[in-house]
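Listing of entry.cif, mmCIF, C-alpha atoms and all ligand atoms
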```cif
data_work
#
loop_
_atom_site.label_atom_id
_atom_site.label_comp_id
_atom_site.auth_asym_id
_atom_site.auth_seq_id
_atom_site.Cartn_x
_atom_site.Cartn_y
_atom_site.Cartn_z
CA MET A 27 18.97 61.11 -19.70
CA SER A 28 15.99 62.86 -18.11
CA ILE A 29 14.35 60.45 -15.65
CA HIS A 30 11.26 61.00 -13.52
CA ILE A 31 11.05 58.96 -10.32
CA ALA A 32 8.63 58.31 -7.43
CA SER A 33 8.74 55.83 -4.54
CA THR A 34 6.08 54.48 -2.18
CA THR A 35 5.88 51.89 0.55
CA ALA A 36 2.78 49.75 1.10
CA PRO A 37 1.70 47.43 3.91
CA VAL A 38 0.62 43.82 4.24
CA ASN A 39 -2.99 43.25 5.31
CA ILE A 40 -4.45 40.16 6.95
CA ALA A 41 -8.17 39.55 6.47
CA THR A 42 -10.39 38.98 9.49
CA LEU A 43 -13.34 38.33 7.15
CA LYS A 44 -11.94 36.43 4.21
CA TYR A 45 -12.16 37.10 0.49
CA TRP A 46 -12.52 33.69 -1.14
CA GLY A 47 -14.22 33.32 -4.51
CA LYS A 48 -14.47 35.42 -7.67
CA ARG A 49 -17.59 36.18 -9.67
CA ASP A 50 -15.41 37.58 -12.48
CA THR A 51 -11.88 36.27 -12.86
CA ALA A 52 -10.68 38.86 -15.39
CA LEU A 53 -11.68 41.86 -13.25
CA ASN A 54 -11.08 40.07 -9.91
CA LEU A 55 -14.60 40.74 -8.68
CA PRO A 56 -15.30 38.84 -5.46
CA THR A 57 -18.28 36.74 -4.44
CA ASN A 58 -18.32 38.42 -1.01
CA SER A 59 -17.18 41.56 0.76
CA SER A 60 -14.20 41.23 3.13
CA ILE A 61 -12.49 43.05 6.00
CA SER A 62 -8.84 43.25 7.01
CA VAL A 63 -6.38 44.79 9.43
CA THR A 64 -3.38 46.58 7.92
CA LEU A 65 -0.10 45.61 9.59
CA ALA A 66 2.70 48.00 10.55
CA GLN A 67 5.25 48.70 7.85
CA ASP A 68 8.22 48.71 10.25
CA ASP A 69 7.91 44.94 10.24
CA LEU A 70 6.33 44.08 6.88
CA ARG A 71 6.25 46.32 3.83
CA THR A 72 7.06 46.58 0.16
CA LEU A 73 9.04 49.56 -1.14
CA THR A 74 8.58 50.30 -4.84
CA THR A 75 10.26 52.88 -7.02
CA ALA A 76 8.75 53.67 -10.42
CA ALA A 77 10.63 55.65 -13.07
CA THR A 78 9.82 56.80 -16.56
CA SER A 79 11.90 58.31 -19.31
CA GLU A 80 11.52 58.98 -23.02
CA GLU A 81 14.69 56.95 -23.47
CA PHE A 82 13.64 53.69 -21.79
CA PRO A 83 13.25 51.15 -24.62
CA GLU A 84 10.87 48.81 -22.73
CA ASP A 85 8.94 48.30 -19.51
CA LYS A 86 11.06 46.47 -16.95
CA LEU A 87 10.53 45.09 -13.46
CA TRP A 88 12.98 43.99 -10.76
CA LEU A 89 11.66 42.18 -7.66
CA ASN A 90 13.89 41.64 -4.64
CA GLY A 91 17.02 42.06 -6.74
CA LYS A 92 15.96 39.88 -9.70
CA GLU A 93 14.61 40.95 -13.05
CA GLU A 94 11.12 39.51 -13.58
CA SER A 95 8.72 39.39 -16.48
CA LEU A 96 6.04 42.05 -16.71
CA GLN A 97 4.02 39.95 -19.11
CA ASN A 98 1.41 38.59 -16.73
CA PRO A 99 -2.05 39.83 -17.72
CA ARG A 100 -2.86 41.18 -14.25
CA THR A 101 0.16 43.48 -14.12
CA GLN A 102 -0.51 44.50 -17.72
CA SER A 103 -4.07 45.42 -16.84
CA CYS A 104 -2.90 47.58 -13.90
CA LEU A 105 -0.33 49.39 -16.09
CA LYS A 106 -2.93 50.00 -18.78
CA ASP A 107 -5.41 51.53 -16.31
CA LEU A 108 -2.73 53.81 -14.84
CA ARG A 109 -1.58 54.92 -18.30
CA ASP A 110 -5.20 55.61 -19.32
CA LEU A 111 -5.68 57.87 -16.29
CA ARG A 112 -2.40 59.66 -17.03
CA LYS A 113 -3.46 60.10 -20.66
CA GLN A 114 -6.64 61.87 -19.54
CA LEU A 115 -4.50 64.36 -17.58
CA GLU A 116 -2.23 64.91 -20.57
CA GLU A 117 -5.20 65.52 -22.87
CA ALA A 118 -6.58 68.09 -20.44
CA ASP A 119 -3.19 69.78 -20.07
CA PRO A 120 -0.94 69.40 -23.16
CA SER A 121 1.97 71.05 -21.35
CA LEU A 122 2.43 67.86 -19.29
CA PRO A 123 5.22 65.48 -20.37
CA PRO A 124 3.67 62.47 -22.19
CA PHE A 125 4.49 59.86 -19.50
CA SER A 126 1.58 57.73 -20.72
CA LYS A 127 3.56 56.98 -23.90
CA TRP A 128 6.90 56.33 -22.21
CA LYS A 129 8.15 53.04 -20.78
CA LEU A 130 8.49 52.33 -17.07
CA HIS A 131 11.20 50.86 -14.88
CA ILE A 132 9.85 49.42 -11.63
CA VAL A 133 12.01 48.20 -8.76
CA SER A 134 10.43 46.59 -5.73
CA GLU A 135 11.78 45.18 -2.46
CA ASN A 136 10.23 43.61 0.63
CA ASN A 137 11.68 44.27 4.09
CA PHE A 138 10.94 40.66 5.07
CA PRO A 139 12.42 37.48 3.63
CA THR A 140 10.34 35.72 0.98
CA ALA A 141 11.13 32.58 2.97
CA ALA A 142 8.89 33.95 5.74
CA GLY A 143 6.10 32.40 3.69
CA LEU A 144 3.94 35.50 3.88
CA ALA A 145 1.93 36.33 0.82
CA SER A 146 3.43 39.55 -0.41
CA SER A 147 1.27 40.09 -3.47
CA ALA A 148 -1.08 42.48 -1.64
CA ALA A 149 1.69 44.81 -0.48
CA GLY A 150 3.45 44.36 -3.84
CA PHE A 151 0.53 45.42 -6.04
CA ALA A 152 -0.45 48.21 -3.63
CA ALA A 153 3.08 49.67 -3.77
CA LEU A 154 3.21 49.26 -7.56
CA ILE A 155 -0.07 51.13 -8.07
CA MET A 156 0.72 53.88 -5.57
CA SER A 157 4.25 54.56 -6.83
CA ILE A 158 3.08 54.90 -10.44
CA ALA A 159 0.06 57.00 -9.36
CA LYS A 160 2.55 59.31 -7.60
CA LEU A 161 4.87 59.41 -10.59
CA TYR A 162 1.91 60.22 -12.88
CA LYS A 163 0.51 62.76 -10.35
CA LEU A 164 -2.92 61.14 -10.60
CA PRO A 165 -5.66 62.98 -8.68
CA GLN A 166 -7.68 59.82 -7.91
CA ASP A 167 -8.21 58.95 -4.23
CA ALA A 168 -7.18 55.66 -2.60
CA SER A 169 -10.60 54.04 -3.10
CA GLU A 170 -10.49 54.79 -6.84
CA LEU A 171 -6.94 53.46 -7.09
CA SER A 172 -7.93 50.38 -5.07
CA LYS A 173 -10.00 49.26 -8.08
CA ILE A 174 -6.79 49.08 -10.10
CA ALA A 175 -4.88 47.27 -7.31
CA ARG A 176 -7.81 44.81 -7.11
CA LYS A 177 -7.15 43.75 -10.71
CA GLY A 178 -3.56 42.90 -9.74
CA SER A 179 -4.56 40.76 -6.76
CA GLY A 180 -7.92 40.96 -5.01
CA SER A 181 -6.55 41.37 -1.49
CA ALA A 182 -4.18 44.14 -2.69
CA CYS A 183 -7.04 46.65 -2.84
CA ARG A 184 -7.23 46.56 0.96
CA SER A 185 -3.51 47.47 1.30
CA LEU A 186 -4.28 50.98 -0.02
CA PHE A 187 -5.49 52.00 3.43
CA GLY A 188 -4.14 51.78 6.95
CA GLY A 189 -6.05 50.65 10.02
CA TYR A 190 -9.24 48.69 9.44
CA VAL A 191 -10.37 48.22 5.87
CA ALA A 192 -13.39 46.85 4.02
CA TRP A 193 -13.45 45.66 0.43
CA GLU A 194 -17.01 46.25 -0.70
CA MET A 195 -17.81 43.61 -3.30
CA GLY A 196 -20.13 45.89 -5.31
CA SER A 197 -22.69 44.68 -7.82
CA ASN A 198 -21.75 46.32 -11.13
CA THR A 199 -20.50 43.98 -13.84
CA ASP A 200 -17.73 46.40 -14.83
CA GLY A 201 -16.33 46.41 -11.27
CA SER A 202 -16.80 50.17 -10.88
CA ASP A 203 -18.20 49.74 -7.34
CA SER A 204 -15.89 46.93 -6.14
CA LYS A 205 -13.41 48.91 -4.05
CA ALA A 206 -11.70 49.27 -0.70
CA VAL A 207 -12.88 51.80 1.89
CA GLN A 208 -11.48 52.57 5.31
CA ILE A 209 -13.64 51.49 8.26
CA ALA A 210 -11.42 53.24 10.80
CA ASP A 211 -7.87 54.49 10.74
CA VAL A 212 -5.01 53.15 12.84
CA ASP A 213 -5.53 55.82 15.54
CA HIS A 214 -9.13 54.80 16.13
CA TRP A 215 -8.02 51.50 17.70
CA PRO A 216 -4.22 51.53 17.88
CA ASP A 217 -4.04 48.81 20.53
CA ILE A 218 -4.53 45.85 18.22
CA LYS A 219 -1.30 43.89 17.99
CA ALA A 220 -0.45 40.79 15.99
CA ILE A 221 1.96 37.92 16.21
CA VAL A 222 2.65 35.85 13.12
CA LEU A 223 3.76 32.28 13.76
CA VAL A 224 5.52 31.23 10.58
CA VAL A 225 4.83 27.50 10.23
CA SER A 226 7.24 25.34 8.25
CA ALA A 227 5.64 23.86 5.18
CA ASP A 228 7.11 21.03 3.15
CA LYS A 229 5.28 21.73 -0.06
CA LYS A 230 3.87 24.66 -1.93
CA ASP A 231 0.18 25.30 -1.33
CA THR A 232 -2.45 25.50 -4.05
CA PRO A 233 -2.23 29.14 -5.22
CA SER A 234 -5.16 31.18 -3.90
CA THR A 235 -6.41 32.06 -7.39
CA SER A 236 -6.90 28.43 -8.46
CA GLY A 237 -7.89 27.33 -4.94
CA MET A 238 -10.78 29.76 -4.81
CA GLN A 239 -11.94 28.79 -8.29
CA ALA A 240 -12.08 25.16 -7.23
CA THR A 241 -14.14 26.14 -4.18
CA VAL A 242 -16.56 28.24 -6.24
CA ALA A 243 -17.02 25.38 -8.71
CA THR A 244 -17.46 22.49 -6.30
CA SER A 245 -18.39 23.46 -2.73
CA GLU A 246 -22.03 23.63 -1.66
CA LEU A 247 -20.99 24.91 1.73
CA PHE A 248 -19.40 27.87 -0.08
CA GLN A 249 -22.85 28.93 -1.38
CA HIS A 250 -24.13 28.98 2.17
CA ARG A 251 -21.08 30.97 3.28
CA ILE A 252 -21.40 33.76 0.69
CA HIS A 253 -25.19 34.10 0.92
CA ASN A 254 -25.92 33.53 4.59
CA VAL A 255 -22.78 33.82 6.66
CA VAL A 256 -20.58 36.61 5.32
CA PRO A 257 -23.19 39.36 4.74
CA LYS A 258 -24.23 39.29 8.40
CA ARG A 259 -20.67 38.96 9.65
CA PHE A 260 -19.59 41.92 7.53
CA GLN A 261 -21.94 44.23 9.44
CA GLU A 262 -21.10 42.66 12.80
CA MET A 263 -17.39 42.94 12.30
CA LYS A 264 -17.63 46.58 11.24
CA THR A 265 -19.62 47.30 14.39
CA ALA A 266 -17.10 45.42 16.57
CA ILE A 267 -14.28 47.52 15.10
CA LEU A 268 -16.14 50.80 15.48
CA ASN A 269 -17.04 49.90 19.10
CA LYS A 270 -13.51 48.57 19.80
CA ASP A 271 -15.17 45.40 21.04
CA PHE A 272 -12.29 42.90 21.05
CA ALA A 273 -14.30 39.89 22.20
CA ALA A 274 -16.78 40.29 19.33
CA PHE A 275 -14.01 41.07 16.83
CA ALA A 276 -12.03 38.01 17.95
CA ASP A 277 -14.97 35.59 17.84
CA LEU A 278 -15.93 36.73 14.35
CA THR A 279 -12.32 36.52 13.15
CA MET A 280 -11.83 32.96 14.40
CA LYS A 281 -15.21 31.79 13.13
CA ASP A 282 -14.58 33.30 9.72
CA SER A 283 -11.15 31.71 9.39
CA ASN A 284 -12.73 28.36 10.28
CA SER A 285 -15.59 28.94 7.83
CA PHE A 286 -13.20 29.75 4.98
CA HIS A 287 -11.05 26.66 5.67
CA ALA A 288 -14.22 24.56 5.92
CA THR A 289 -15.14 25.58 2.37
CA CYS A 290 -11.64 24.56 1.30
CA LEU A 291 -12.15 21.15 2.87
CA ASP A 292 -15.59 20.99 1.21
CA SER A 293 -14.04 21.64 -2.22
CA TYR A 294 -13.68 18.53 -4.34
CA PRO A 295 -10.97 17.38 -4.39
CA PRO A 296 -10.40 19.05 -1.02
CA ILE A 297 -7.81 21.76 -0.45
CA PHE A 298 -5.81 21.79 2.78
CA TYR A 299 -4.05 24.97 3.74
CA MET A 300 -3.79 24.42 7.47
CA ASN A 301 -1.58 21.60 8.73
CA ASP A 302 -1.29 19.79 12.08
CA THR A 303 0.73 22.62 13.58
CA SER A 304 -1.85 25.19 12.45
CA ARG A 305 -4.61 23.15 14.07
CA LYS A 306 -2.66 22.78 17.31
CA ILE A 307 -2.28 26.55 17.45
CA VAL A 308 -6.06 26.89 17.01
CA LYS A 309 -6.58 24.62 20.00
CA LEU A 310 -3.95 26.45 21.99
CA CYS A 311 -5.71 29.80 21.44
CA HIS A 312 -9.01 28.38 22.65
CA GLU A 313 -7.24 26.89 25.69
CA ILE A 314 -5.62 30.24 26.46
CA ASN A 315 -8.95 32.07 26.23
CA GLN A 316 -10.54 29.49 28.47
CA PHE A 317 -7.73 29.66 31.02
CA TYR A 318 -8.05 33.44 31.36
CA ASN A 319 -11.83 33.17 31.16
CA GLU A 320 -11.79 35.92 28.57
CA THR A 321 -11.22 36.15 24.82
CA ILE A 322 -7.73 37.64 24.72
CA VAL A 323 -6.48 36.13 21.46
CA ALA A 324 -7.89 35.43 17.99
CA TYR A 325 -6.30 33.28 15.27
CA THR A 326 -6.71 33.57 11.54
CA TYR A 327 -5.18 31.61 8.63
CA ASP A 328 -4.89 32.51 4.95
CA ALA A 329 -4.07 30.19 2.06
CA GLY A 330 -1.21 28.55 3.98
CA PRO A 331 -0.33 27.11 7.40
CA ASN A 332 0.94 30.33 9.08
CA ALA A 333 -1.04 31.56 12.06
CA VAL A 334 -1.74 35.26 12.56
CA LEU A 335 -2.86 35.98 16.11
CA TYR A 336 -4.55 39.26 16.98
CA TYR A 337 -4.65 40.51 20.59
CA LEU A 338 -4.92 43.74 22.57
CA LYS A 339 -1.81 45.47 23.89
CA GLU A 340 -3.25 45.38 27.43
CA ASN A 341 -3.32 41.55 27.30
CA GLU A 342 0.16 41.10 25.87
CA ASP A 343 1.74 39.94 29.15
CA LYS A 344 -1.00 37.38 29.76
CA LEU A 345 -0.73 36.00 26.24
CA PHE A 346 3.07 36.02 26.06
CA THR A 347 3.39 34.29 29.43
CA ILE A 348 2.18 31.18 27.62
CA LEU A 349 3.37 31.85 24.05
CA TYR A 350 6.92 32.74 25.10
CA LYS A 351 7.14 29.54 27.12
CA ILE A 352 6.31 27.56 23.96
CA PHE A 353 7.93 29.61 21.20
CA GLY A 354 10.63 31.50 23.14
CA ASN A 355 13.39 29.62 21.29
CA ASN A 356 12.10 30.65 17.88
CA SER A 357 13.72 33.73 16.36
CA GLY A 358 11.84 37.03 16.24
CA TRP A 359 11.42 37.96 19.92
CA GLU A 360 14.91 39.44 20.37
CA SER A 361 14.25 42.67 18.53
CA LYS A 362 11.00 43.35 20.39
CA LEU A 363 11.38 42.12 23.99
CA THR A 364 14.11 43.32 26.35
CA PRO A 365 16.00 40.62 28.30
CA GLN A 366 14.18 41.90 31.44
CA LYS A 367 10.84 41.36 29.74
CA GLN A 368 11.87 37.86 28.67
CA ASN A 369 12.84 37.03 32.28
CA PHE A 370 9.59 38.49 33.55
CA LEU A 371 7.61 36.22 31.19
CA ILE A 372 9.49 33.15 32.41
CA GLU A 373 8.78 34.09 36.04
CA GLN A 374 5.11 34.73 35.23
CA TYR A 375 4.83 31.33 33.63
CA ASN A 376 6.27 29.64 36.69
CA GLU A 377 3.64 31.42 38.77
CA ILE A 378 0.66 30.28 36.70
CA LYS A 379 2.06 26.84 35.85
CA SER A 380 0.29 25.02 38.69
CA GLN A 381 -3.07 26.54 37.72
CA LEU A 382 -2.97 25.25 34.14
CA ASP A 383 -5.15 22.25 33.43
CA ASP A 384 -3.84 19.13 31.74
CA ASN A 385 -4.90 20.05 28.21
CA ILE A 386 -2.96 23.25 28.12
CA SER A 387 0.07 21.89 30.02
CA LYS A 388 0.36 19.12 27.45
CA MET A 389 0.23 21.66 24.63
CA VAL A 390 2.92 23.75 26.29
CA ASP A 391 5.19 20.71 26.47
CA ALA A 392 4.36 19.34 23.00
CA GLY A 393 7.40 20.84 21.25
CA LEU A 394 5.31 22.97 18.88
CA ASN A 395 8.24 25.36 18.45
CA GLU A 396 10.02 22.75 16.31
CA TYR A 397 7.50 23.34 13.54
CA ILE A 398 7.77 27.12 13.64
CA THR A 399 10.51 28.86 11.66
CA ARG A 400 10.14 32.31 13.21
CA VAL A 401 7.75 34.68 14.92
CA ILE A 402 6.98 38.22 13.76
CA LEU A 403 5.71 40.63 16.40
CA THR A 404 3.79 43.50 14.87
CA LYS A 405 0.67 45.65 15.17
CA VAL A 406 -1.98 47.54 13.23
CA GLY A 407 -0.39 50.16 10.99
CA ALA A 408 -0.78 52.95 8.47
CA GLY A 409 -1.45 52.84 4.73
CA PRO A 410 0.95 53.47 1.82
CA GLN A 411 3.50 56.24 2.31
CA GLU A 412 5.43 58.28 -0.20
CA THR A 413 9.14 58.08 0.55
CA SER A 414 12.36 59.74 -0.57
CA GLU A 415 14.16 56.40 -0.31
CA SER A 416 14.72 55.35 -3.94
CA LEU A 417 15.66 52.02 -5.49
CA ILE A 418 16.48 53.51 -8.91
CA ASN A 419 19.62 55.40 -9.91
CA ASP A 420 18.45 58.76 -11.25
CA LEU A 421 21.27 58.93 -13.82
CA THR A 422 21.03 55.45 -15.32
CA GLY A 423 17.38 54.56 -14.59
CA LEU A 424 18.56 51.15 -13.36
CA PRO A 425 18.23 49.51 -9.93
CA ILE A 426 20.62 50.77 -7.27
CA VAL A 427 22.79 47.79 -6.38
CA GLU A 428 23.90 47.73 -2.76
C1 LIG A 501 -7.10 33.69 1.84
O1 LIG A 501 -5.84 38.22 -3.11
O2 LIG A 501 -4.13 36.36 -3.15
O3 LIG A 501 -5.72 35.61 1.75
O4 LIG A 501 -7.23 37.85 -6.17
O5 LIG A 501 -6.47 35.63 -6.95
O6 LIG A 501 -4.78 37.36 -6.33
P1 LIG A 501 -6.17 36.80 -6.07
O7 LIG A 501 -6.17 36.21 -4.61
P2 LIG A 501 -5.55 36.78 -3.26
O8 LIG A 501 -6.42 35.92 -2.21
C2 LIG A 501 -6.35 36.15 -0.86
C3 LIG A 501 -7.13 35.12 -0.14
C4 LIG A 501 -6.98 35.12 1.36
C5 LIG A 501 -8.10 35.90 2.03
C6 LIG A 501 -8.00 37.40 2.03
O9 LIG A 501 -6.90 37.99 2.00
O10 LIG A 501 -9.08 38.01 2.13
#
```
Encoded form (structure tokens):
Amino acid sequence: MSIHIASTTAPVNIATLKYWGKRDTALNLPTNSSISVTLAQDDLRTLTTAATSEEFPEDKLWLNGKEESLQNPRTQSCLKDLRDLRKQLEEADPSLPPFSKWKLHIVSENNFPTAAGLASSAAGFAALIMSIAKLYKLPQDASELSKIARKGSGSACRSLFGGYVAWEMGSNTDGSDSKAVQIADVDHWPDIKAIVLVVSADKKDTPSTSGMQATVATSELFQHRIHNVVPKRFQEMKTAILNKDFAAFADLTMKDSNSFHATCLDSYPPIFYMNDTSRKIVKLCHEINQFYNETIVAYTYDAGPNAVLYYLKENEDKLFTILYKIFGNNSGWESKLTPQKQNFLIEQYNEIKSQLDDNISKMVDAGLNEYITRVILTKVGAGPQETSESLINDLTGLPIVE
């Protein structure tokens, strides 16, 4: 059997200016522009291998070792767009093999457990689009391809770039100008680091697609957000990133997370993504910034209770002196901090302990770690990468089973 194969990895991104609301649900066109930071793939990434062969009888997909249906309309729409682009190439050059007519096998794996509770659809769709674009040798650039990823899942369009990324909402009804662009690459401001506090949740949250539709339909505050708040913040956040102004970046990030969750609360019936633990972490971050008399940490929350904290490398010791005291027993530190570093943080905490005011001391002793399942220490990272690592056997066209 003659099989053609390509593999790509793609990153997770976490918005600092949130996408929430669609003006067109079929094309996934947003009601506002958004901005995100791409996270390093060493810690969080999806690897996808796409293969095509004249002899494959049907399109097939395997996700994290399990065969899944390809029948959802969003995936179908992505595959159709990619095949249409390939068809144009084949029409221009009839010597090309007719991949656009052949079926696909797609195998995809995350390097983080699904149980981590991190939305993986952005990395998943980004890796799907990029691996097939590679396989089809499409000439389109990442911004063009981001329009296809957008149709899979809105936030996925931003995972087509590394560093700092904007999704420009556009105004065309066909979505032709609703795409991701890079604000700055990872090397422009490589010192942004992130810690994800994975918060235990007892029930499944409202999926973001239906949650945002409920907000669009019922929240008046949402109208204020998209017309008056986000447009200004979009410019300010871009400037903060270009100027590497952490204090401005952090303030905007925290305010925007709060604004997005306020529109969820203002939806009717209300939607709650953050829980008590999430809210305690918000307070803790403000206490930490106040204690150091400087904005050294910013929190942000997506459609779930997990906290993502952004900070600068140069402030890591200050921040971890307090965070390690609280969350040191949670798993995730071992692979990143040497035992010497862990001891140093404990000593540092003992030194500052007497200077902490009551509010923060109480938070430190409140047993917050019991509600956290793990921590993930990571940083800003690069965009999708082509890789020689393959998940498909090139003789059988089936997933490689380990
Ligand atoms: C809160 O991209 O998951 O994470 O387009 O319906 O697939 P769909 O939604 P999705 O929504 C993400 C919402 C968010 C904010 C963000 O990432 O900007």
Go through chain A residue by residue and, counting all atoms listed in the file, keep those with an atom at most 6 Å from ligand LIG 501 (chain A); for each kept residue give the shortest atom pair and its distance in Å to one decimal, ordered by chain and increasing number, as a Markdown table.
```
| residue | atom | partner | partner_atom | distance |
| --- | --- | --- | --- | --- |
| A:Ile40 | CA | A:LIG501 | O9 | 5.9 |
| A:Ala41 | CA | A:LIG501 | O10 | 4.7 |
| A:Lys44 | CA | A:LIG501 | O10 | 3.9 |
| A:Tyr45 | CA | A:LIG501 | O10 | 3.6 |
| A:Trp46 | CA | A:LIG501 | C3 | 5.7 |
| A:Asn54 | CA | A:LIG501 | O4 | 5.8 |
| A:Ser179 | CA | A:LIG501 | O6 | 3.4 |
| A:Gly180 | CA | A:LIG501 | O4 | 3.4 |
| A:Ser181 | CA | A:LIG501 | O1 | 3.6 |
| A:Ser234 | CA | A:LIG501 | O7 | 5.2 |
| A:Thr235 | CA | A:LIG501 | O5 | 3.6 |
| A:Asp328 | CA | A:LIG501 | C1 | 4.0 |
| A:Ala329 | CA | A:LIG501 | C1 | 4.6 |
```
Open item on the list: When you look at Arg100 (chain A) with a cut-off of 8 Å (counting all atoms listed in the file), what residues show up, excluding the ones that are within fewer than 4 positions of it in the same chain? I need them as a list in words.
Closed with: Cys104, Lys177, Gly178 and Ser179 of chain A
- [ ] Please provide the set of residues having any atom within 8 Å of region 264-270 of chain A, restricted to only C-alpha atoms, with same-chain residues fewer than 5 positions apart removed, written as a ChimeraX atom specification.
- [x] /A:190,209-210,215,275
With the cut-off set at 12 Å and counting all atoms listed in the file, tabulate each residue of region 105-154 of chain A with an atom at most that distance from an atom of region 403-409 of chain A, showing the nearest atom pair and its distance in Å to one decimal, ordered by chain and increasing number, as a Markdown table.
```
| residue | atom | partner | partner_atom | distance |
| --- | --- | --- | --- | --- |
| A:Ala149 | CA | A:Gly409 | CA | 10.1 |
| A:Ala152 | CA | A:Gly409 | CA | 9.6 |
| A:Ala153 | CA | A:Gly409 | CA | 10.1 |
```
- [ ] List the residues sitting within 12 Å of (-9.2, 35.4, 35.4) in the file's frame, using only C-alpha atoms, as a ChimeraX atom specification.
- [x] /A:314-322,341,344,378,381-382
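Here CA of Ala276 (chain A) and CA of Asp343 (chain A) stand 17.9 Å from one another.
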Open item on the list: What does the structure give for the distance between CA of His30 (chain A) and CA of Leu161 (chain A), in Å to one decimal?
Closed with: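 CA of Leu161 (chain A) lies at a distance of 7.2 Å from CA of His30 (chain A).
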TODO: Have a look at A:Glu117, A:Pro410, A:Ser387, A:Gln102 and name the one nearest to Pro37 (chain A); count all atoms listed in the file.
DONE: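 The closest residue to Pro37 (chain A) is A:Pro410.
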- [ ] Extract, using all atoms listed in the file, all DNA, RNA and protein residues at most 10 Å from Trp88 (chain A), discarding same-chain residues fewer than 6 positions from it, and format them as a PyMOL selection string.
- [x] chain A and resi 74+94-96+131-135+417+424-425
TODO: State, in Å with one decimal place, the distance from CA of Leu70 (chain A) to CA of Glu313 (chain A).
DONE: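 One can read the CA of Leu70 (chain A) to CA of Glu313 (chain A) distance as 28.9 Å.
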Region 128-134 of chain A: axis-aligned bounding box, 3 Å on each side, centre and edge lengths in Å, one decimal, as AutoDock Vina command-line options:
```
--center_x 9.5 --center_y 51.5 --center_z -14.0 --size_x 11.1 --size_y 15.7 --size_z 22.5
```
- [ ] Identify, on the basis of all atoms listed in the file, every residue whose closest approach to Ile29 (chain A) does not exceed 8 Å; exclude the query and any residue fewer than 3 positions from it along the same chain; express the result as a PyMOL selection string.
- [x] chain A and resi 77-79+420-421+423
Contacts of Pro165 (chain A) at 10 Å (all atoms listed in the file; same-chain gap of 5+ positions) as a PDB file with C-alpha atoms, in the frame of the given file:
```
ATOM      1  CA  LEU A 111      -5.680  57.870 -16.290  1.00  0.00           C
ATOM      2  CA  ARG A 112      -2.400  59.660 -17.030  1.00  0.00           C
ATOM      3  CA  LEU A 115      -4.500  64.360 -17.580  1.00  0.00           C
ATOM      4  CA  ALA A 159       0.060  57.000  -9.360  1.00  0.00           C
ATOM      5  CA  LYS A 160       2.550  59.310  -7.600  1.00  0.00           C
ATOM      6  CA  GLU A 170     -10.490  54.790  -6.840  1.00  0.00           C
ATOM      7  CA  LEU A 171      -6.940  53.460  -7.090  1.00  0.00           C
TER       8      LEU A 171
END
```
Task: Minimum-distance residue to Ser357 (chain A), chosen among A:Met280, A:Val401, A:Leu73, A:Ile307 (using only C-alpha atoms) - done: A:Val401
Task: Pick from A:Ser147, A:Thr347, A:Asn98, A:Asn356, whichever lies nearest to Pro233 (chain A) using only C-alpha atoms - done: A:Ser147
Ref. answer, residues at most 9 Å from (-20.6, 39.4, 13.5) with all atoms listed in the file, as a PDB file with C-alpha atoms, keeping the file's coordinate frame:
```
ATOM      1  CA  VAL A 256     -20.580  36.610   5.320  1.00  0.00           C
ATOM      2  CA  LYS A 258     -24.230  39.290   8.400  1.00  0.00           C
ATOM      3  CA  ARG A 259     -20.670  38.960   9.650  1.00  0.00           C
ATOM      4  CA  PHE A 260     -19.590  41.920   7.530  1.00  0.00           C
ATOM      5  CA  GLN A 261     -21.940  44.230   9.440  1.00  0.00           C
ATOM      6  CA  GLU A 262     -21.100  42.660  12.800  1.00  0.00           C
ATOM      7  CA  MET A 263     -17.390  42.940  12.300  1.00  0.00           C
ATOM      8  CA  LYS A 264     -17.630  46.580  11.240  1.00  0.00           C
ATOM      9  CA  THR A 265     -19.620  47.300  14.390  1.00  0.00           C
ATOM     10  CA  ALA A 266     -17.100  45.420  16.570  1.00  0.00           C
ATOM     11  CA  ALA A 274     -16.780  40.290  19.330  1.00  0.00           C
ATOM     12  CA  PHE A 275     -14.010  41.070  16.830  1.00  0.00           C
ATOM     13  CA  ASP A 277     -14.970  35.590  17.840  1.00  0.00           C
ATOM     14  CA  LEU A 278     -15.930  36.730  14.350  1.00  0.00           C
ATOM     15  CA  THR A 279     -12.320  36.520  13.150  1.00  0.00           C
TER      16      THR A 279
END
```
Open item on the list: When you count only C-alpha atoms, which of these residues is closest to Leu394 (chain A): A:Leu164, A:Ile418, A:Leu349, A:Met27?
Closed with: A:Leu349
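Minimum atom-to-atom distance to Thr422 (chain A), evaluated using only C-alpha atoms, belongs to A:Ser28 out of A:Ser103, A:Asn376, A:Ser283, A:Ser28.
When all atoms listed in the file are used to compute distances to Met238 (chain A), the closest of the residues A:Pro56, A:Arg176, A:Ala220, A:Lys106 turns out to be A:Pro56.
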